[in-house]
file model_3.cif (mmCIF, N, CA and C atoms)
data_entry
#
loop_
_atom_site.label_atom_id
_atom_site.label_comp_id
_atom_site.auth_asym_id
_atom_site.auth_seq_id
_atom_site.Cartn_x
_atom_site.Cartn_y
_atom_site.Cartn_z
N MET A 1 -4.96 -17.35 47.70
CA MET A 1 -5.83 -18.20 48.47
C MET A 1 -4.98 -19.10 49.37
N PRO A 2 -5.24 -19.17 50.66
CA PRO A 2 -4.46 -19.99 51.57
C PRO A 2 -4.51 -21.48 51.20
N GLY A 3 -3.36 -22.13 51.35
CA GLY A 3 -3.30 -23.56 51.13
C GLY A 3 -3.11 -24.00 49.70
N THR A 4 -3.00 -23.06 48.76
CA THR A 4 -2.85 -23.46 47.37
C THR A 4 -1.47 -23.16 46.81
N HIS A 5 -0.60 -22.56 47.59
CA HIS A 5 0.73 -22.21 47.11
C HIS A 5 1.70 -23.36 47.40
N ILE A 6 2.37 -23.82 46.37
CA ILE A 6 3.39 -24.85 46.52
C ILE A 6 4.70 -24.28 46.00
N CYS A 7 5.68 -24.21 46.87
CA CYS A 7 6.99 -23.69 46.50
C CYS A 7 7.88 -24.86 46.06
N ILE A 8 8.43 -24.78 44.87
CA ILE A 8 9.29 -25.83 44.34
C ILE A 8 10.73 -25.32 44.36
N LYS A 9 11.62 -26.10 44.99
CA LYS A 9 13.02 -25.70 45.10
C LYS A 9 13.90 -26.84 44.63
N ASN A 10 15.11 -26.51 44.23
CA ASN A 10 16.11 -27.51 43.88
C ASN A 10 16.58 -28.21 45.15
N TYR A 11 17.08 -29.44 44.99
CA TYR A 11 17.57 -30.20 46.13
C TYR A 11 18.74 -29.48 46.77
N ASN A 12 18.67 -29.34 48.07
CA ASN A 12 19.74 -28.73 48.85
C ASN A 12 19.71 -29.39 50.22
N LYS A 13 20.74 -30.12 50.56
CA LYS A 13 20.79 -30.89 51.81
C LYS A 13 20.49 -30.02 53.02
N THR A 14 20.97 -28.78 53.05
CA THR A 14 20.75 -27.93 54.21
C THR A 14 19.30 -27.47 54.32
N LEU A 15 18.58 -27.41 53.20
CA LEU A 15 17.17 -27.01 53.23
C LEU A 15 16.23 -28.17 53.47
N LEU A 16 16.73 -29.40 53.36
CA LEU A 16 15.88 -30.58 53.42
C LEU A 16 15.08 -30.65 54.72
N ASN A 17 15.66 -30.29 55.83
CA ASN A 17 14.95 -30.37 57.10
C ASN A 17 13.95 -29.25 57.32
N LYS A 18 13.83 -28.34 56.36
CA LYS A 18 12.88 -27.24 56.48
C LYS A 18 11.61 -27.47 55.65
N VAL A 19 11.52 -28.62 54.99
CA VAL A 19 10.34 -28.91 54.17
C VAL A 19 9.65 -30.16 54.70
N ASP A 20 8.33 -30.23 54.47
CA ASP A 20 7.56 -31.38 54.93
C ASP A 20 7.53 -32.51 53.91
N TYR A 21 7.56 -32.16 52.62
CA TYR A 21 7.45 -33.14 51.55
C TYR A 21 8.51 -32.88 50.48
N VAL A 22 9.03 -33.98 49.92
CA VAL A 22 9.98 -33.90 48.82
C VAL A 22 9.47 -34.81 47.71
N PHE A 23 9.42 -34.29 46.47
CA PHE A 23 9.00 -35.11 45.34
C PHE A 23 10.13 -36.05 44.96
N LEU A 24 9.82 -37.33 44.90
CA LEU A 24 10.80 -38.36 44.60
C LEU A 24 10.69 -38.71 43.12
N GLY A 25 11.38 -37.95 42.29
CA GLY A 25 11.35 -38.19 40.85
C GLY A 25 12.12 -39.43 40.44
N ALA A 26 13.18 -39.73 41.15
CA ALA A 26 14.01 -40.91 40.85
C ALA A 26 13.48 -42.11 41.63
N TRP A 27 12.23 -42.45 41.40
CA TRP A 27 11.54 -43.50 42.16
C TRP A 27 12.26 -44.84 42.10
N ASN A 28 12.98 -45.10 41.01
CA ASN A 28 13.67 -46.38 40.88
C ASN A 28 14.89 -46.48 41.80
N PHE A 29 15.27 -45.40 42.44
CA PHE A 29 16.37 -45.39 43.41
C PHE A 29 15.87 -45.10 44.82
N LYS A 30 14.59 -45.34 45.07
CA LYS A 30 14.00 -44.92 46.34
C LYS A 30 14.67 -45.58 47.55
N GLU A 31 15.03 -46.84 47.46
CA GLU A 31 15.66 -47.50 48.62
C GLU A 31 16.99 -46.84 48.96
N GLU A 32 17.79 -46.52 47.96
CA GLU A 32 19.06 -45.85 48.19
C GLU A 32 18.85 -44.45 48.76
N ILE A 33 17.87 -43.75 48.23
CA ILE A 33 17.57 -42.39 48.69
C ILE A 33 17.06 -42.44 50.13
N PHE A 34 16.20 -43.40 50.46
CA PHE A 34 15.69 -43.52 51.82
C PHE A 34 16.82 -43.79 52.81
N LYS A 35 17.79 -44.60 52.41
CA LYS A 35 18.94 -44.87 53.28
C LYS A 35 19.76 -43.59 53.50
N LYS A 36 19.95 -42.84 52.42
CA LYS A 36 20.74 -41.62 52.48
C LYS A 36 20.04 -40.53 53.31
N GLU A 37 18.73 -40.48 53.22
CA GLU A 37 17.95 -39.43 53.89
C GLU A 37 17.24 -39.94 55.14
N LYS A 38 17.86 -40.87 55.83
CA LYS A 38 17.27 -41.49 57.02
C LYS A 38 16.90 -40.45 58.08
N ARG A 39 17.77 -39.49 58.32
CA ARG A 39 17.49 -38.46 59.34
C ARG A 39 16.26 -37.64 58.97
N TYR A 40 16.13 -37.29 57.70
CA TYR A 40 14.96 -36.54 57.23
C TYR A 40 13.68 -37.32 57.52
N ILE A 41 13.69 -38.61 57.22
CA ILE A 41 12.52 -39.45 57.44
C ILE A 41 12.24 -39.59 58.93
N GLU A 42 13.26 -39.80 59.74
CA GLU A 42 13.10 -39.93 61.19
C GLU A 42 12.52 -38.66 61.81
N ASN A 43 12.79 -37.52 61.20
CA ASN A 43 12.26 -36.25 61.70
C ASN A 43 10.88 -35.92 61.13
N GLY A 44 10.24 -36.89 60.48
CA GLY A 44 8.87 -36.70 60.00
C GLY A 44 8.74 -36.30 58.55
N GLY A 45 9.86 -36.20 57.83
CA GLY A 45 9.80 -35.83 56.41
C GLY A 45 9.15 -36.93 55.58
N LYS A 46 8.45 -36.54 54.55
CA LYS A 46 7.75 -37.48 53.67
C LYS A 46 8.18 -37.26 52.22
N PHE A 47 8.06 -38.32 51.43
CA PHE A 47 8.34 -38.25 50.00
C PHE A 47 7.06 -38.46 49.23
N ILE A 48 6.92 -37.76 48.12
CA ILE A 48 5.79 -37.94 47.21
C ILE A 48 6.33 -38.64 45.97
N THR A 49 5.70 -39.74 45.59
CA THR A 49 6.12 -40.47 44.40
C THR A 49 4.96 -40.58 43.42
N HIS A 50 5.26 -40.82 42.19
CA HIS A 50 4.24 -40.89 41.15
C HIS A 50 4.14 -42.28 40.51
N VAL A 51 4.94 -43.24 40.99
CA VAL A 51 4.97 -44.58 40.38
C VAL A 51 4.67 -45.60 41.47
N PRO A 52 3.81 -46.55 41.29
CA PRO A 52 2.96 -46.79 40.13
C PRO A 52 1.74 -45.86 40.12
N ILE A 53 1.40 -45.29 41.29
CA ILE A 53 0.34 -44.27 41.37
C ILE A 53 0.84 -43.17 42.30
N PRO A 54 0.30 -41.96 42.18
CA PRO A 54 0.74 -40.89 43.09
C PRO A 54 0.40 -41.26 44.54
N ARG A 55 1.41 -41.11 45.42
CA ARG A 55 1.19 -41.40 46.84
C ARG A 55 2.29 -40.76 47.68
N ILE A 56 2.05 -40.70 48.97
CA ILE A 56 3.00 -40.15 49.92
C ILE A 56 3.60 -41.33 50.69
N VAL A 57 4.93 -41.39 50.72
CA VAL A 57 5.62 -42.47 51.44
C VAL A 57 6.56 -41.89 52.46
#
call {"tool": "encode", "arguments": {"input": "model_3.cif", "output": "structure tokens"}}
result
Amino acid sequence: MPGTHICIKNYNKTLLNKVDYVFLGAWNFKEEIFKKEKRYIENGGKFITHVPIPRIV
């Protein structure tokens, strides 16, 4: 069924710019991760977090 397939991959810096969303499991380090992945964010990439509630940042 279209729209229901979610492909989960391990972190790979070279693949990061090919995905729209990245699950942010290490939510307590989000500020450091956002600084490190500034280019990804500037190019429209989004992170999904689960703390304190599920949301897209």
call {"tool": "select_by_dssp", "arguments": {"input": "model_3.cif", "residues": "chain A", "states": "helix (DSSP H, G or I)", "output": "list in words"}}
result
Leu16, Asn17, Lys18, Trp27, Asn28, Phe29, Lys30, Glu31, Glu32, Ile33, Phe34, Lys35, Lys36, Lys38, Arg39, Tyr40, Ile41 and Glu42 of chain A
call {"tool": "resolve_selection", "arguments": {"input": "model_3.cif", "expression": "the PyMOL selection byres ((chain A and resi 47) around 7)", "output": "PDB file with N, CA and C atoms, in the coordinates of the input"}}
result
ATOM      1  N   ASP A  20       8.330 -30.230  54.470  1.00  0.00           N
ATOM      2  CA  ASP A  20       7.560 -31.380  54.930  1.00  0.00           C
ATOM      3  C   ASP A  20       7.530 -32.510  53.910  1.00  0.00           C
ATOM      4  N   TYR A  21       7.560 -32.160  52.620  1.00  0.00           N
ATOM      5  CA  TYR A  21       7.450 -33.140  51.550  1.00  0.00           C
ATOM      6  C   TYR A  21       8.510 -32.880  50.480  1.00  0.00           C
ATOM      7  N   VAL A  22       9.030 -33.980  49.920  1.00  0.00           N
ATOM      8  CA  VAL A  22       9.980 -33.900  48.820  1.00  0.00           C
ATOM      9  C   VAL A  22       9.470 -34.810  47.710  1.00  0.00           C
ATOM     10  N   PHE A  23       9.420 -34.290  46.470  1.00  0.00           N
ATOM     11  CA  PHE A  23       9.000 -35.110  45.340  1.00  0.00           C
ATOM     12  C   PHE A  23      10.130 -36.050  44.960  1.00  0.00           C
ATOM     13  N   LEU A  24       9.820 -37.330  44.900  1.00  0.00           N
ATOM     14  CA  LEU A  24      10.800 -38.360  44.600  1.00  0.00           C
ATOM     15  C   LEU A  24      10.690 -38.710  43.120  1.00  0.00           C
ATOM     16  N   GLY A  45       9.860 -36.200  57.830  1.00  0.00           N
ATOM     17  CA  GLY A  45       9.800 -35.830  56.410  1.00  0.00           C
ATOM     18  C   GLY A  45       9.150 -36.930  55.580  1.00  0.00           C
ATOM     19  N   LYS A  46       8.450 -36.540  54.550  1.00  0.00           N
ATOM     20  CA  LYS A  46       7.750 -37.480  53.670  1.00  0.00           C
ATOM     21  C   LYS A  46       8.180 -37.260  52.220  1.00  0.00           C
ATOM     22  N   ILE A  48       6.920 -37.760  48.120  1.00  0.00           N
ATOM     23  CA  ILE A  48       5.790 -37.940  47.210  1.00  0.00           C
ATOM     24  C   ILE A  48       6.330 -38.640  45.970  1.00  0.00           C
ATOM     25  N   THR A  49       5.700 -39.740  45.590  1.00  0.00           N
ATOM     26  CA  THR A  49       6.120 -40.470  44.400  1.00  0.00           C
ATOM     27  C   THR A  49       4.960 -40.580  43.420  1.00  0.00           C
ATOM     28  N   ARG A  55       1.410 -41.110  45.420  1.00  0.00           N
ATOM     29  CA  ARG A  55       1.190 -41.400  46.840  1.00  0.00           C
ATOM     30  C   ARG A  55       2.290 -40.760  47.680  1.00  0.00           C
ATOM     31  N   ILE A  56       2.050 -40.700  48.970  1.00  0.00           N
ATOM     32  CA  ILE A  56       3.000 -40.150  49.920  1.00  0.00           C
ATOM     33  C   ILE A  56       3.600 -41.330  50.690  1.00  0.00           C
ATOM     34  N   VAL A  57       4.930 -41.390  50.720  1.00  0.00           N
ATOM     35  CA  VAL A  57       5.620 -42.470  51.440  1.00  0.00           C
ATOM     36  C   VAL A  57       6.560 -41.890  52.460  1.00  0.00           C
TER      37      VAL A  57
END
call {"tool": "atom_distance", "arguments": {"input": "model_3.cif", "atom1": "atom CA of Glu37 of chain A", "atom2": "atom C of His5 of chain A"}}
result
23.8 Å
call {"tool": "atom_distance", "arguments": {"input": "model_3.cif", "atom1": "atom CA of Ile8 of chain A", "atom2": "atom C of Lys36 of chain A"}}
result
20.3 Å
call {"tool": "atom_distance", "arguments": {"input": "model_3.cif", "atom1": "atom N of Pro52 of chain A", "atom2": "atom C of Glu32 of chain A"}}
result
16.9 Å
call {"tool": "select_by_dssp", "arguments": {"input": "model_3.cif", "residues": "chain A", "states": "strand (DSSP E)", "output": "PDB file with N, CA and C atoms, keeping the file's coordinate frame"}}
result
ATOM      1  N   TYR A  21       7.560 -32.160  52.620  1.00  0.00           N
ATOM      2  CA  TYR A  21       7.450 -33.140  51.550  1.00  0.00           C
ATOM      3  C   TYR A  21       8.510 -32.880  50.480  1.00  0.00           C
ATOM      4  N   VAL A  22       9.030 -33.980  49.920  1.00  0.00           N
ATOM      5  CA  VAL A  22       9.980 -33.900  48.820  1.00  0.00           C
ATOM      6  C   VAL A  22       9.470 -34.810  47.710  1.00  0.00           C
ATOM      7  N   PHE A  23       9.420 -34.290  46.470  1.00  0.00           N
ATOM      8  CA  PHE A  23       9.000 -35.110  45.340  1.00  0.00           C
ATOM      9  C   PHE A  23      10.130 -36.050  44.960  1.00  0.00           C
ATOM     10  N   LYS A  46       8.450 -36.540  54.550  1.00  0.00           N
ATOM     11  CA  LYS A  46       7.750 -37.480  53.670  1.00  0.00           C
ATOM     12  C   LYS A  46       8.180 -37.260  52.220  1.00  0.00           C
ATOM     13  N   PHE A  47       8.060 -38.320  51.430  1.00  0.00           N
ATOM     14  CA  PHE A  47       8.340 -38.250  50.000  1.00  0.00           C
ATOM     15  C   PHE A  47       7.060 -38.460  49.230  1.00  0.00           C
ATOM     16  N   ILE A  48       6.920 -37.760  48.120  1.00  0.00           N
ATOM     17  CA  ILE A  48       5.790 -37.940  47.210  1.00  0.00           C
ATOM     18  C   ILE A  48       6.330 -38.640  45.970  1.00  0.00           C
ATOM     19  N   THR A  49       5.700 -39.740  45.590  1.00  0.00           N
ATOM     20  CA  THR A  49       6.120 -40.470  44.400  1.00  0.00           C
ATOM     21  C   THR A  49       4.960 -40.580  43.420  1.00  0.00           C
ATOM     22  N   ARG A  55       1.410 -41.110  45.420  1.00  0.00           N
ATOM     23  CA  ARG A  55       1.190 -41.400  46.840  1.00  0.00           C
ATOM     24  C   ARG A  55       2.290 -40.760  47.680  1.00  0.00           C
ATOM     25  N   ILE A  56       2.050 -40.700  48.970  1.00  0.00           N
ATOM     26  CA  ILE A  56       3.000 -40.150  49.920  1.00  0.00           C
ATOM     27  C   ILE A  56       3.600 -41.330  50.690  1.00  0.00           C
TER      28      ILE A  56
END
call {"tool": "decode", "arguments": {"input": "model_3.cif", "residues": "segment 39-55 of chain A", "atoms": "all heavy atoms", "output": "PDB file, in the first residue's frame"}}
result
ATOM      1  N   ARG A  39      24.010  21.493   8.307  1.00  0.00           N
ATOM      2  CA  ARG A  39      23.778  21.456   6.855  1.00  0.00           C
ATOM      3  C   ARG A  39      22.528  20.645   6.515  1.00  0.00           C
ATOM      4  O   ARG A  39      21.740  21.039   5.660  1.00  0.00           O
ATOM      5  CB  ARG A  39      24.985  20.894   6.133  1.00  0.00           C
ATOM      6  CG  ARG A  39      24.788  20.894   4.614  1.00  0.00           C
ATOM      7  CD  ARG A  39      25.962  20.346   3.884  1.00  0.00           C
ATOM      8  NE  ARG A  39      27.048  21.319   3.963  1.00  0.00           N
ATOM      9  CZ  ARG A  39      28.269  21.090   3.538  1.00  0.00           C
ATOM     10  NH1 ARG A  39      28.567  19.921   3.019  1.00  0.00           N
ATOM     11  NH2 ARG A  39      29.198  22.010   3.624  1.00  0.00           N
ATOM     12  N   TYR A  40      22.342  19.521   7.189  1.00  0.00           N
ATOM     13  CA  TYR A  40      21.156  18.689   6.968  1.00  0.00           C
ATOM     14  C   TYR A  40      19.891  19.496   7.265  1.00  0.00           C
ATOM     15  O   TYR A  40      18.937  19.483   6.480  1.00  0.00           O
ATOM     16  CB  TYR A  40      21.223  17.437   7.855  1.00  0.00           C
ATOM     17  CG  TYR A  40      19.962  16.626   7.894  1.00  0.00           C
ATOM     18  CD1 TYR A  40      19.556  15.896   6.792  1.00  0.00           C
ATOM     19  CD2 TYR A  40      19.168  16.588   9.037  1.00  0.00           C
ATOM     20  CE1 TYR A  40      18.396  15.152   6.823  1.00  0.00           C
ATOM     21  CE2 TYR A  40      18.012  15.843   9.079  1.00  0.00           C
ATOM     22  CZ  TYR A  40      17.628  15.126   7.961  1.00  0.00           C
ATOM     23  OH  TYR A  40      16.468  14.386   7.999  1.00  0.00           O
ATOM     24  N   ILE A  41      19.885  20.216   8.372  1.00  0.00           N
ATOM     25  CA  ILE A  41      18.729  21.015   8.761  1.00  0.00           C
ATOM     26  C   ILE A  41      18.509  22.154   7.772  1.00  0.00           C
ATOM     27  O   ILE A  41      17.367  22.429   7.371  1.00  0.00           O
ATOM     28  CB  ILE A  41      18.909  21.549  10.199  1.00  0.00           C
ATOM     29  CG1 ILE A  41      18.926  20.371  11.187  1.00  0.00           C
ATOM     30  CG2 ILE A  41      17.814  22.551  10.562  1.00  0.00           C
ATOM     31  CD1 ILE A  41      19.392  20.747  12.592  1.00  0.00           C
ATOM     32  N   GLU A  42      19.569  22.826   7.362  1.00  0.00           N
ATOM     33  CA  GLU A  42      19.466  23.927   6.400  1.00  0.00           C
ATOM     34  C   GLU A  42      18.909  23.456   5.057  1.00  0.00           C
ATOM     35  O   GLU A  42      18.268  24.222   4.347  1.00  0.00           O
ATOM     36  CB  GLU A  42      20.827  24.585   6.191  1.00  0.00           C
ATOM     37  CG  GLU A  42      21.294  25.388   7.371  1.00  0.00           C
ATOM     38  CD  GLU A  42      22.721  25.890   7.231  1.00  0.00           C
ATOM     39  OE1 GLU A  42      23.454  25.425   6.328  1.00  0.00           O
ATOM     40  OE2 GLU A  42      23.112  26.733   8.058  1.00  0.00           O
ATOM     41  N   ASN A  43      19.154  22.203   4.716  1.00  0.00           N
ATOM     42  CA  ASN A  43      18.648  21.643   3.463  1.00  0.00           C
ATOM     43  C   ASN A  43      17.249  21.052   3.606  1.00  0.00           C
ATOM     44  O   ASN A  43      16.784  20.350   2.714  1.00  0.00           O
ATOM     45  CB  ASN A  43      19.615  20.588   2.927  1.00  0.00           C
ATOM     46  CG  ASN A  43      20.888  21.209   2.404  1.00  0.00           C
ATOM     47  OD1 ASN A  43      20.871  22.308   1.866  1.00  0.00           O
ATOM     48  ND2 ASN A  43      22.003  20.523   2.570  1.00  0.00           N
ATOM     49  N   GLY A  44      16.582  21.324   4.729  1.00  0.00           N
ATOM     50  CA  GLY A  44      15.190  20.899   4.900  1.00  0.00           C
ATOM     51  C   GLY A  44      15.000  19.611   5.668  1.00  0.00           C
ATOM     52  O   GLY A  44      13.869  19.147   5.807  1.00  0.00           O
ATOM     53  N   GLY A  45      16.082  19.004   6.152  1.00  0.00           N
ATOM     54  CA  GLY A  45      15.964  17.767   6.918  1.00  0.00           C
ATOM     55  C   GLY A  45      15.286  18.005   8.256  1.00  0.00           C
ATOM     56  O   GLY A  45      15.421  19.063   8.862  1.00  0.00           O
ATOM     57  N   LYS A  46      14.534  17.029   8.713  1.00  0.00           N
ATOM     58  CA  LYS A  46      13.803  17.120   9.977  1.00  0.00           C
ATOM     59  C   LYS A  46      14.172  15.952  10.882  1.00  0.00           C
ATOM     60  O   LYS A  46      14.550  14.882  10.422  1.00  0.00           O
ATOM     61  CB  LYS A  46      12.292  17.080   9.729  1.00  0.00           C
ATOM     62  CG  LYS A  46      11.782  18.100   8.758  1.00  0.00           C
ATOM     63  CD  LYS A  46      11.575  19.407   9.412  1.00  0.00           C
ATOM     64  CE  LYS A  46      10.882  20.324   8.430  1.00  0.00           C
ATOM     65  NZ  LYS A  46      11.105  21.691   8.655  1.00  0.00           N
ATOM     66  N   PHE A  47      14.017  16.180  12.185  1.00  0.00           N
ATOM     67  CA  PHE A  47      14.242  15.136  13.178  1.00  0.00           C
ATOM     68  C   PHE A  47      12.922  14.797  13.842  1.00  0.00           C
ATOM     69  O   PHE A  47      12.092  15.672  14.090  1.00  0.00           O
ATOM     70  CB  PHE A  47      15.231  15.608  14.250  1.00  0.00           C
ATOM     71  CG  PHE A  47      16.647  15.702  13.760  1.00  0.00           C
ATOM     72  CD1 PHE A  47      17.144  16.884  13.241  1.00  0.00           C
ATOM     73  CD2 PHE A  47      17.480  14.603  13.811  1.00  0.00           C
ATOM     74  CE1 PHE A  47      18.451  16.987  12.796  1.00  0.00           C
ATOM     75  CE2 PHE A  47      18.790  14.685  13.363  1.00  0.00           C
ATOM     76  CZ  PHE A  47      19.273  15.881  12.849  1.00  0.00           C
ATOM     77  N   ILE A  48      12.738  13.521  14.153  1.00  0.00           N
ATOM     78  CA  ILE A  48      11.573  13.061  14.906  1.00  0.00           C
ATOM     79  C   ILE A  48      12.063  12.698  16.297  1.00  0.00           C
ATOM     80  O   ILE A  48      13.015  11.936  16.441  1.00  0.00           O
ATOM     81  CB  ILE A  48      10.931  11.826  14.243  1.00  0.00           C
ATOM     82  CG1 ILE A  48      10.504  12.160  12.816  1.00  0.00           C
ATOM     83  CG2 ILE A  48       9.761  11.320  15.080  1.00  0.00           C
ATOM     84  CD1 ILE A  48      10.059  10.955  12.016  1.00  0.00           C
ATOM     85  N   THR A  49      11.409  13.243  17.312  1.00  0.00           N
ATOM     86  CA  THR A  49      11.783  12.943  18.692  1.00  0.00           C
ATOM     87  C   THR A  49      10.581  12.382  19.440  1.00  0.00           C
ATOM     88  O   THR A  49       9.436  12.589  19.023  1.00  0.00           O
ATOM     89  CB  THR A  49      12.357  14.181  19.407  1.00  0.00           C
ATOM     90  OG1 THR A  49      12.792  13.796  20.706  1.00  0.00           O
ATOM     91  CG2 THR A  49      11.347  15.290  19.522  1.00  0.00           C
ATOM     92  N   HIS A  50      10.836  11.696  20.506  1.00  0.00           N
ATOM     93  CA  HIS A  50       9.770  11.059  21.274  1.00  0.00           C
ATOM     94  C   HIS A  50       9.646  11.618  22.690  1.00  0.00           C
ATOM     95  O   HIS A  50       8.822  11.156  23.457  1.00  0.00           O
ATOM     96  CB  HIS A  50      10.009   9.553  21.342  1.00  0.00           C
ATOM     97  CG  HIS A  50      11.279   9.172  22.042  1.00  0.00           C
ATOM     98  ND1 HIS A  50      12.521   9.478  21.523  1.00  0.00           N
ATOM     99  CD2 HIS A  50      11.508   8.553  23.194  1.00  0.00           C
ATOM    100  CE1 HIS A  50      13.451   9.029  22.346  1.00  0.00           C
ATOM    101  NE2 HIS A  50      12.861   8.467  23.377  1.00  0.00           N
ATOM    102  N   VAL A  51      10.461  12.623  23.032  1.00  0.00           N
ATOM    103  CA  VAL A  51      10.465  13.171  24.392  1.00  0.00           C
ATOM    104  C   VAL A  51      10.211  14.667  24.303  1.00  0.00           C
ATOM    105  O   VAL A  51      10.863  15.341  23.506  1.00  0.00           O
ATOM    106  CB  VAL A  51      11.819  12.887  25.079  1.00  0.00           C
ATOM    107  CG1 VAL A  51      11.908  13.535  26.418  1.00  0.00           C
ATOM    108  CG2 VAL A  51      12.046  11.387  25.191  1.00  0.00           C
ATOM    109  N   PRO A  52       9.352  15.261  25.065  1.00  0.00           N
ATOM    110  CA  PRO A  52       8.447  14.657  26.039  1.00  0.00           C
ATOM    111  C   PRO A  52       7.232  14.014  25.368  1.00  0.00           C
ATOM    112  O   PRO A  52       6.598  13.139  25.943  1.00  0.00           O
ATOM    113  CB  PRO A  52       8.023  15.832  26.905  1.00  0.00           C
ATOM    114  CG  PRO A  52       8.107  17.009  26.011  1.00  0.00           C
ATOM    115  CD  PRO A  52       9.260  16.699  25.067  1.00  0.00           C
ATOM    116  N   ILE A  53       6.935  14.416  24.120  1.00  0.00           N
ATOM    117  CA  ILE A  53       5.884  13.768  23.336  1.00  0.00           C
ATOM    118  C   ILE A  53       6.419  13.598  21.913  1.00  0.00           C
ATOM    119  O   ILE A  53       7.317  14.333  21.496  1.00  0.00           O
ATOM    120  CB  ILE A  53       4.579  14.596  23.317  1.00  0.00           C
ATOM    121  CG1 ILE A  53       4.841  15.999  22.746  1.00  0.00           C
ATOM    122  CG2 ILE A  53       3.958  14.705  24.695  1.00  0.00           C
ATOM    123  CD1 ILE A  53       3.598  16.823  22.486  1.00  0.00           C
ATOM    124  N   PRO A  54       5.876  12.656  21.152  1.00  0.00           N
ATOM    125  CA  PRO A  54       6.350  12.503  19.763  1.00  0.00           C
ATOM    126  C   PRO A  54       6.079  13.782  18.962  1.00  0.00           C
ATOM    127  O   PRO A  54       4.995  14.349  19.020  1.00  0.00           O
ATOM    128  CB  PRO A  54       5.513  11.357  19.228  1.00  0.00           C
ATOM    129  CG  PRO A  54       5.089  10.598  20.428  1.00  0.00           C
ATOM    130  CD  PRO A  54       4.929  11.615  21.504  1.00  0.00           C
ATOM    131  N   ARG A  55       7.121  14.242  18.254  1.00  0.00           N
ATOM    132  CA  ARG A  55       6.961  15.442  17.418  1.00  0.00           C
ATOM    133  C   ARG A  55       8.100  15.527  16.406  1.00  0.00           C
ATOM    134  O   ARG A  55       9.114  14.854  16.540  1.00  0.00           O
ATOM    135  CB  ARG A  55       6.924  16.701  18.271  1.00  0.00           C
ATOM    136  CG  ARG A  55       8.167  16.973  19.046  1.00  0.00           C
ATOM    137  CD  ARG A  55       7.967  18.142  20.005  1.00  0.00           C
ATOM    138  NE  ARG A  55       9.150  18.263  20.832  1.00  0.00           N
ATOM    139  CZ  ARG A  55       9.849  19.374  20.971  1.00  0.00           C
ATOM    140  NH1 ARG A  55       9.453  20.468  20.374  1.00  0.00           N
ATOM    141  NH2 ARG A  55      10.914  19.401  21.719  1.00  0.00           N
TER     142      ARG A  55
END
